[in-house]
>>> print(open('model_1.pdb').read())   # PDB, C-alpha atoms
ATOM      1  CA  MET A   1     109.573 -13.265 -82.264  1.00  0.00           C
ATOM      2  CA  ASN A   2     109.026 -16.999 -81.884  1.00  0.00           C
ATOM      3  CA  LYS A   3     111.903 -19.414 -82.253  1.00  0.00           C
ATOM      4  CA  GLU A   4     111.344 -22.175 -84.801  1.00  0.00           C
ATOM      5  CA  PRO A   5     111.385 -25.650 -83.234  1.00  0.00           C
ATOM      6  CA  SER A   6     114.699 -27.412 -83.776  1.00  0.00           C
ATOM      7  CA  GLU A   7     114.890 -30.036 -86.549  1.00  0.00           C
ATOM      8  CA  ASN A   8     117.946 -31.679 -84.963  1.00  0.00           C
ATOM      9  CA  ASP A   9     117.188 -35.391 -84.485  1.00  0.00           C
ATOM     10  CA  TYR A  10     120.834 -36.472 -84.249  1.00  0.00           C
ATOM     11  CA  LEU A  11     122.914 -38.022 -81.517  1.00  0.00           C
ATOM     12  CA  LEU A  12     126.380 -36.781 -80.675  1.00  0.00           C
ATOM     13  CA  ASN A  13     127.516 -40.235 -79.543  1.00  0.00           C
ATOM     14  CA  ILE A  14     126.420 -43.719 -78.441  1.00  0.00           C
ATOM     15  CA  ILE A  15     128.329 -45.162 -75.494  1.00  0.00           C
ATOM     16  CA  THR A  16     128.390 -48.809 -74.378  1.00  0.00           C
ATOM     17  CA  ASN A  17     129.967 -50.276 -71.245  1.00  0.00           C
ATOM     18  CA  HIS A  18     131.167 -53.363 -73.173  1.00  0.00           C
ATOM     19  CA  GLY A  19     132.577 -53.649 -76.678  1.00  0.00           C
ATOM     20  CA  SER A  20     132.743 -50.807 -79.179  1.00  0.00           C
ATOM     21  CA  LEU A  21     130.579 -49.625 -82.033  1.00  0.00           C
ATOM     22  CA  ALA A  22     131.375 -50.717 -85.552  1.00  0.00           C
ATOM     23  CA  PRO A  23     131.583 -48.659 -87.574  1.00  0.00           C
ATOM     24  CA  LYS A  24     132.876 -45.830 -85.391  1.00  0.00           C
ATOM     25  CA  PHE A  25     130.026 -43.490 -84.403  1.00  0.00           C
ATOM     26  CA  ASP A  26     128.943 -40.920 -86.962  1.00  0.00           C
ATOM     27  CA  LYS A  27     125.635 -39.121 -86.464  1.00  0.00           C
ATOM     28  CA  GLU A  28     124.700 -39.779 -90.112  1.00  0.00           C
ATOM     29  CA  ILE A  29     125.135 -43.567 -89.734  1.00  0.00           C
ATOM     30  CA  THR A  30     122.142 -45.293 -88.113  1.00  0.00           C
ATOM     31  CA  ASP A  31     123.161 -48.990 -88.093  1.00  0.00           C
ATOM     32  CA  TYR A  32     125.852 -50.345 -85.771  1.00  0.00           C
ATOM     33  CA  ARG A  33     127.235 -53.612 -84.438  1.00  0.00           C
ATOM     34  CA  VAL A  34     128.846 -54.355 -81.074  1.00  0.00           C
ATOM     35  CA  GLU A  35     130.475 -57.717 -80.300  1.00  0.00           C
ATOM     36  CA  VAL A  36     130.850 -58.859 -76.710  1.00  0.00           C
ATOM     37  CA  GLU A  37     132.321 -61.963 -75.139  1.00  0.00           C
ATOM     38  CA  ASN A  38     130.121 -64.797 -73.907  1.00  0.00           C
ATOM     39  CA  GLU A  39     130.778 -63.823 -70.278  1.00  0.00           C
ATOM     40  CA  VAL A  40     128.982 -60.486 -70.841  1.00  0.00           C
ATOM     41  CA  THR A  41     125.341 -61.063 -69.893  1.00  0.00           C
ATOM     42  CA  ASN A  42     124.120 -57.473 -70.120  1.00  0.00           C
ATOM     43  CA  ILE A  43     125.111 -54.195 -71.724  1.00  0.00           C
ATOM     44  CA  GLU A  44     124.418 -50.589 -70.827  1.00  0.00           C
ATOM     45  CA  ILE A  45     123.803 -48.232 -73.723  1.00  0.00           C
ATOM     46  CA  LYS A  46     123.803 -44.449 -73.327  1.00  0.00           C
ATOM     47  CA  ALA A  47     122.984 -41.873 -75.970  1.00  0.00           C
ATOM     48  CA  VAL A  48     124.410 -38.350 -76.016  1.00  0.00           C
ATOM     49  CA  LYS A  49     122.019 -35.838 -77.599  1.00  0.00           C
ATOM     50  CA  ASP A  50     123.254 -33.413 -80.236  1.00  0.00           C
ATOM     51  CA  ASP A  51     120.440 -31.010 -79.259  1.00  0.00           C
ATOM     52  CA  LYS A  52     119.370 -30.684 -75.629  1.00  0.00           C
ATOM     53  CA  ALA A  53     115.760 -30.074 -76.752  1.00  0.00           C
ATOM     54  CA  SER A  54     115.469 -33.525 -78.373  1.00  0.00           C
ATOM     55  CA  ILE A  55     113.938 -36.548 -76.641  1.00  0.00           C
ATOM     56  CA  VAL A  56     115.854 -39.841 -76.582  1.00  0.00           C
ATOM     57  CA  THR A  57     114.307 -43.240 -75.879  1.00  0.00           C
ATOM     58  CA  GLY A  58     115.902 -46.679 -75.760  1.00  0.00           C
ATOM     59  CA  GLU A  59     118.817 -46.022 -73.424  1.00  0.00           C
ATOM     60  CA  GLY A  60     119.365 -48.460 -70.592  1.00  0.00           C
ATOM     61  CA  VAL A  61     120.656 -51.851 -69.541  1.00  0.00           C
ATOM     62  CA  TYR A  62     119.794 -54.792 -71.758  1.00  0.00           C
ATOM     63  CA  ALA A  63     120.026 -58.512 -70.933  1.00  0.00           C
ATOM     64  CA  LEU A  64     121.873 -60.347 -73.700  1.00  0.00           C
ATOM     65  CA  GLN A  65     121.041 -63.676 -75.256  1.00  0.00           C
ATOM     66  CA  ILE A  66     123.755 -65.588 -77.106  1.00  0.00           C
ATOM     67  CA  GLY A  67     123.808 -64.332 -80.685  1.00  0.00           C
ATOM     68  CA  ASP A  68     122.059 -61.232 -82.010  1.00  0.00           C
ATOM     69  CA  ASN A  69     120.367 -58.721 -79.702  1.00  0.00           C
ATOM     70  CA  GLU A  70     118.698 -55.741 -81.376  1.00  0.00           C
ATOM     71  CA  VAL A  71     118.630 -52.398 -79.548  1.00  0.00           C
ATOM     72  CA  THR A  72     116.876 -49.328 -80.931  1.00  0.00           C
ATOM     73  CA  ILE A  73     117.619 -45.756 -79.869  1.00  0.00           C
ATOM     74  CA  THR A  74     115.096 -43.162 -81.060  1.00  0.00           C
ATOM     75  CA  VAL A  75     115.699 -39.416 -81.172  1.00  0.00           C
ATOM     76  CA  GLN A  76     112.764 -37.049 -81.553  1.00  0.00           C
ATOM     77  CA  ALA A  77     113.576 -33.477 -82.517  1.00  0.00           C
ATOM     78  CA  GLU A  78     111.699 -30.530 -81.060  1.00  0.00           C
ATOM     79  CA  ASN A  79     109.725 -30.234 -84.339  1.00  0.00           C
ATOM     80  CA  GLY A  80     108.684 -33.928 -84.220  1.00  0.00           C
ATOM     81  CA  ASN A  81     111.243 -35.363 -86.674  1.00  0.00           C
ATOM     82  CA  VAL A  82     112.383 -38.834 -85.613  1.00  0.00           C
ATOM     83  CA  ARG A  83     115.678 -40.622 -86.301  1.00  0.00           C
ATOM     84  CA  THR A  84     116.286 -44.232 -85.280  1.00  0.00           C
ATOM     85  CA  TYR A  85     119.690 -45.712 -84.501  1.00  0.00           C
ATOM     86  CA  ASN A  86     119.897 -49.520 -84.590  1.00  0.00           C
ATOM     87  CA  ILE A  87     122.515 -51.442 -82.639  1.00  0.00           C
ATOM     88  CA  ASN A  88     123.005 -55.176 -83.109  1.00  0.00           C
ATOM     89  CA  VAL A  89     124.773 -56.457 -79.984  1.00  0.00           C
ATOM     90  CA  VAL A  90     126.289 -59.872 -80.706  1.00  0.00           C
ATOM     91  CA  ARG A  91     127.062 -62.021 -77.678  1.00  0.00           C
ATOM     92  CA  LYS A  92     129.584 -64.657 -78.706  1.00  0.00           C
ATOM     93  CA  GLN A  93     129.103 -68.385 -78.153  1.00  0.00           C
ATOM     94  CA  ASN A  94     130.822 -69.999 -75.181  1.00  0.00           C
ATOM     95  CA  ARG A  95     134.347 -70.900 -76.310  1.00  0.00           C
ATOM     96  CA  LYS A  96     134.768 -73.729 -73.816  1.00  0.00           C
ATOM     97  CA  CYS A  97     134.332 -77.019 -75.574  1.00  0.00           C
ATOM     98  CA  LYS A  98     132.646 -79.766 -73.632  1.00  0.00           C
ATOM     99  CA  LEU A  99     133.794 -83.143 -74.735  1.00  0.00           C
ATOM    100  CA  ASN A 100     131.302 -85.873 -74.052  1.00  0.00           C
ATOM    101  CA  LYS A 101     133.039 -89.170 -74.629  1.00  0.00           C
ATOM    102  CA  GLY A 102     131.488 -92.384 -73.464  1.00  0.00           C
ATOM    103  CA  ARG A 103     133.950 -93.979 -71.083  1.00  0.00           C
TER     104      ARG A 103
END
>>> encode(input="model_1.pdb", output="structure tokens")
Amino acid sequence: MNKEPSENDYLLNIITNHGSLAPKFDKEITDYRVEVENEVTNIEIKAVKDDKASIVTGEGVYALQIGDNEVTITVQAENGNVRTYNINVVRKQNRKCKLNKGR
């Protein structure tokens, strides 16, 4: 008896080393936002599989530009189904104001 390939293309969690996901992680939600301070120049993103047979791509350390930084995590189920999770990492502007007055 052959086992049917799993259709599970979900993640159990997405973990970042800076900031936190908004909204809170839910495997049914595929679009997230993470805000980080200006001092944060890179972010590590890890994905926890819901099914050990699935294949995850897109994990890693990402260099951050000021403003929006799009990260895509893809989960491929054993049967070939694919689910994409999108994370918009927003690096804030530098809060220090530089005053340039002619003196």
>>> atom_distance(input="model_1.pdb", atom1="CA of Lys24 (chain A)", atom2="CA of Ile45 (chain A)")
15.0 Å
>>> atom_distance(input="model_1.pdb", atom1="CA of Ile29 (chain A)", atom2="CA of Arg83 (chain A)")
10.5 Å
>>> closest_residue(input="model_1.pdb", among="A:Val90, A:Ile43, A:Val82, A:Ala22", to="Val61 (chain A)", atoms="all atoms listed in the file")
A:Ile43
>>> closest_residue(input="model_1.pdb", among="A:Glu28, A:Gln76, A:Lys92, A:Ile15", to="Ser54 (chain A)", atoms="all atoms listed in the file")
A:Gln76
>>> closest_residue(input="model_1.pdb", among="A:Ile55, A:Ala47, A:Ile66, A:Val89", to="Gly19 (chain A)", atoms="only C-alpha atoms")
A:Val89
>>> residues_near_point(input="model_1.pdb", point="(116.7, -56.3, -81.2)", cutoff="9 Å", atoms="all atoms listed in the file", output="list in words")
Asp68, Asn69, Glu70, Val71, Thr72, Asn86, Ile87, Asn88 and Val89 of chain A
>>> closest_residue(input="model_1.pdb", among="A:Val36, A:Leu12, A:Ile73, A:Val56", to="Gln93 (chain A)", atoms="only C-alpha atoms")
A:Val36
>>> residues_around(input="model_1.pdb", residues="His18 (chain A)", least_positions_apart="6", cutoff="12 Å", atoms="only C-alpha atoms", output="VMD selection string")
chain A and resid 33 to 46 61 to 62 64 89 to 91
>>> write_last_selection(input="model_1.pdb", atoms="C-alpha atoms", output="PDB file, keeping the file's coordinate frame")
ATOM      1  CA  ARG A  33     127.235 -53.612 -84.438  1.00  0.00           C
ATOM      2  CA  VAL A  34     128.846 -54.355 -81.074  1.00  0.00           C
ATOM      3  CA  GLU A  35     130.475 -57.717 -80.300  1.00  0.00           C
ATOM      4  CA  VAL A  36     130.850 -58.859 -76.710  1.00  0.00           C
ATOM      5  CA  GLU A  37     132.321 -61.963 -75.139  1.00  0.00           C
ATOM      6  CA  ASN A  38     130.121 -64.797 -73.907  1.00  0.00           C
ATOM      7  CA  GLU A  39     130.778 -63.823 -70.278  1.00  0.00           C
ATOM      8  CA  VAL A  40     128.982 -60.486 -70.841  1.00  0.00           C
ATOM      9  CA  THR A  41     125.341 -61.063 -69.893  1.00  0.00           C
ATOM     10  CA  ASN A  42     124.120 -57.473 -70.120  1.00  0.00           C
ATOM     11  CA  ILE A  43     125.111 -54.195 -71.724  1.00  0.00           C
ATOM     12  CA  GLU A  44     124.418 -50.589 -70.827  1.00  0.00           C
ATOM     13  CA  ILE A  45     123.803 -48.232 -73.723  1.00  0.00           C
ATOM     14  CA  LYS A  46     123.803 -44.449 -73.327  1.00  0.00           C
ATOM     15  CA  VAL A  61     120.656 -51.851 -69.541  1.00  0.00           C
ATOM     16  CA  TYR A  62     119.794 -54.792 -71.758  1.00  0.00           C
ATOM     17  CA  LEU A  64     121.873 -60.347 -73.700  1.00  0.00           C
ATOM     18  CA  VAL A  89     124.773 -56.457 -79.984  1.00  0.00           C
ATOM     19  CA  VAL A  90     126.289 -59.872 -80.706  1.00  0.00           C
ATOM     20  CA  ARG A  91     127.062 -62.021 -77.678  1.00  0.00           C
TER      21      ARG A  91
END
>>> decode(input="model_1.pdb", residues="region 14-74 of chain A", atoms="C-alpha atoms", output="compact mmCIF listing (two decimals), in the first residue's frame")
# COMPACT_ATOMS: atom_id res chain seq x y z
CA ILE A 14 8.06 32.20 11.13
CA ILE A 15 10.78 33.42 13.48
CA THR A 16 12.80 36.64 13.15
CA ASN A 17 15.78 37.76 15.24
CA HIS A 18 14.54 41.39 15.24
CA GLY A 19 11.02 42.76 15.53
CA SER A 20 7.87 40.66 15.52
CA LEU A 21 5.37 39.60 12.91
CA ALA A 22 2.19 41.58 12.46
CA PRO A 23 -0.31 40.12 12.48
CA LYS A 24 0.68 37.32 14.85
CA PHE A 25 1.61 34.17 12.89
CA ASP A 26 -1.24 32.02 11.64
CA LYS A 27 -0.52 29.37 9.01
CA GLU A 28 -3.55 30.53 6.98
CA ILE A 29 -2.26 34.13 6.78
CA THR A 30 0.39 34.66 4.09
CA ASP A 31 1.19 38.40 4.35
CA TYR A 32 3.12 39.87 7.27
CA ARG A 33 4.95 43.02 8.33
CA VAL A 34 7.94 43.42 10.65
CA GLU A 35 9.21 46.84 11.76
CA VAL A 36 12.79 47.25 12.90
CA GLU A 37 14.77 50.22 14.14
CA ASN A 38 17.19 52.07 11.87
CA GLU A 39 20.18 50.55 13.70
CA VAL A 40 19.15 47.06 12.48
CA THR A 41 21.01 46.48 9.21
CA ASN A 42 20.10 42.83 8.69
CA ILE A 43 17.48 40.33 9.79
CA GLU A 44 17.50 36.56 10.08
CA ILE A 45 14.29 34.79 9.13
CA LYS A 46 13.63 31.14 9.96
CA ALA A 47 10.64 29.06 8.94
CA VAL A 48 9.32 26.11 10.94
CA LYS A 49 7.70 23.47 8.72
CA ASP A 50 4.29 22.06 9.61
CA ASP A 51 5.19 18.87 7.69
CA LYS A 52 8.74 17.52 7.77
CA ALA A 53 8.33 16.26 4.17
CA SER A 54 7.82 19.79 2.78
CA ILE A 55 10.60 21.88 1.26
CA VAL A 56 11.12 25.46 2.45
CA THR A 57 13.05 28.13 0.54
CA GLY A 58 13.73 31.75 1.42
CA GLU A 59 15.09 31.38 4.95
CA GLY A 60 18.28 33.22 5.79
CA VAL A 61 19.89 36.52 6.66
CA TYR A 62 18.81 39.55 4.67
CA ALA A 63 20.54 42.94 4.41
CA LEU A 64 18.03 45.73 5.02
CA GLN A 65 17.66 48.99 3.17
CA ILE A 66 15.84 51.88 4.84
CA GLY A 67 12.14 51.47 4.12
CA ASP A 68 10.45 48.38 2.69
CA ASN A 69 12.31 45.09 2.23
CA GLU A 70 10.31 42.21 0.75
CA VAL A 71 11.13 38.65 1.84
CA THR A 72 9.39 35.60 0.38
CA ILE A 73 9.25 32.19 2.06
CA THR A 74 8.00 29.36 -0.15
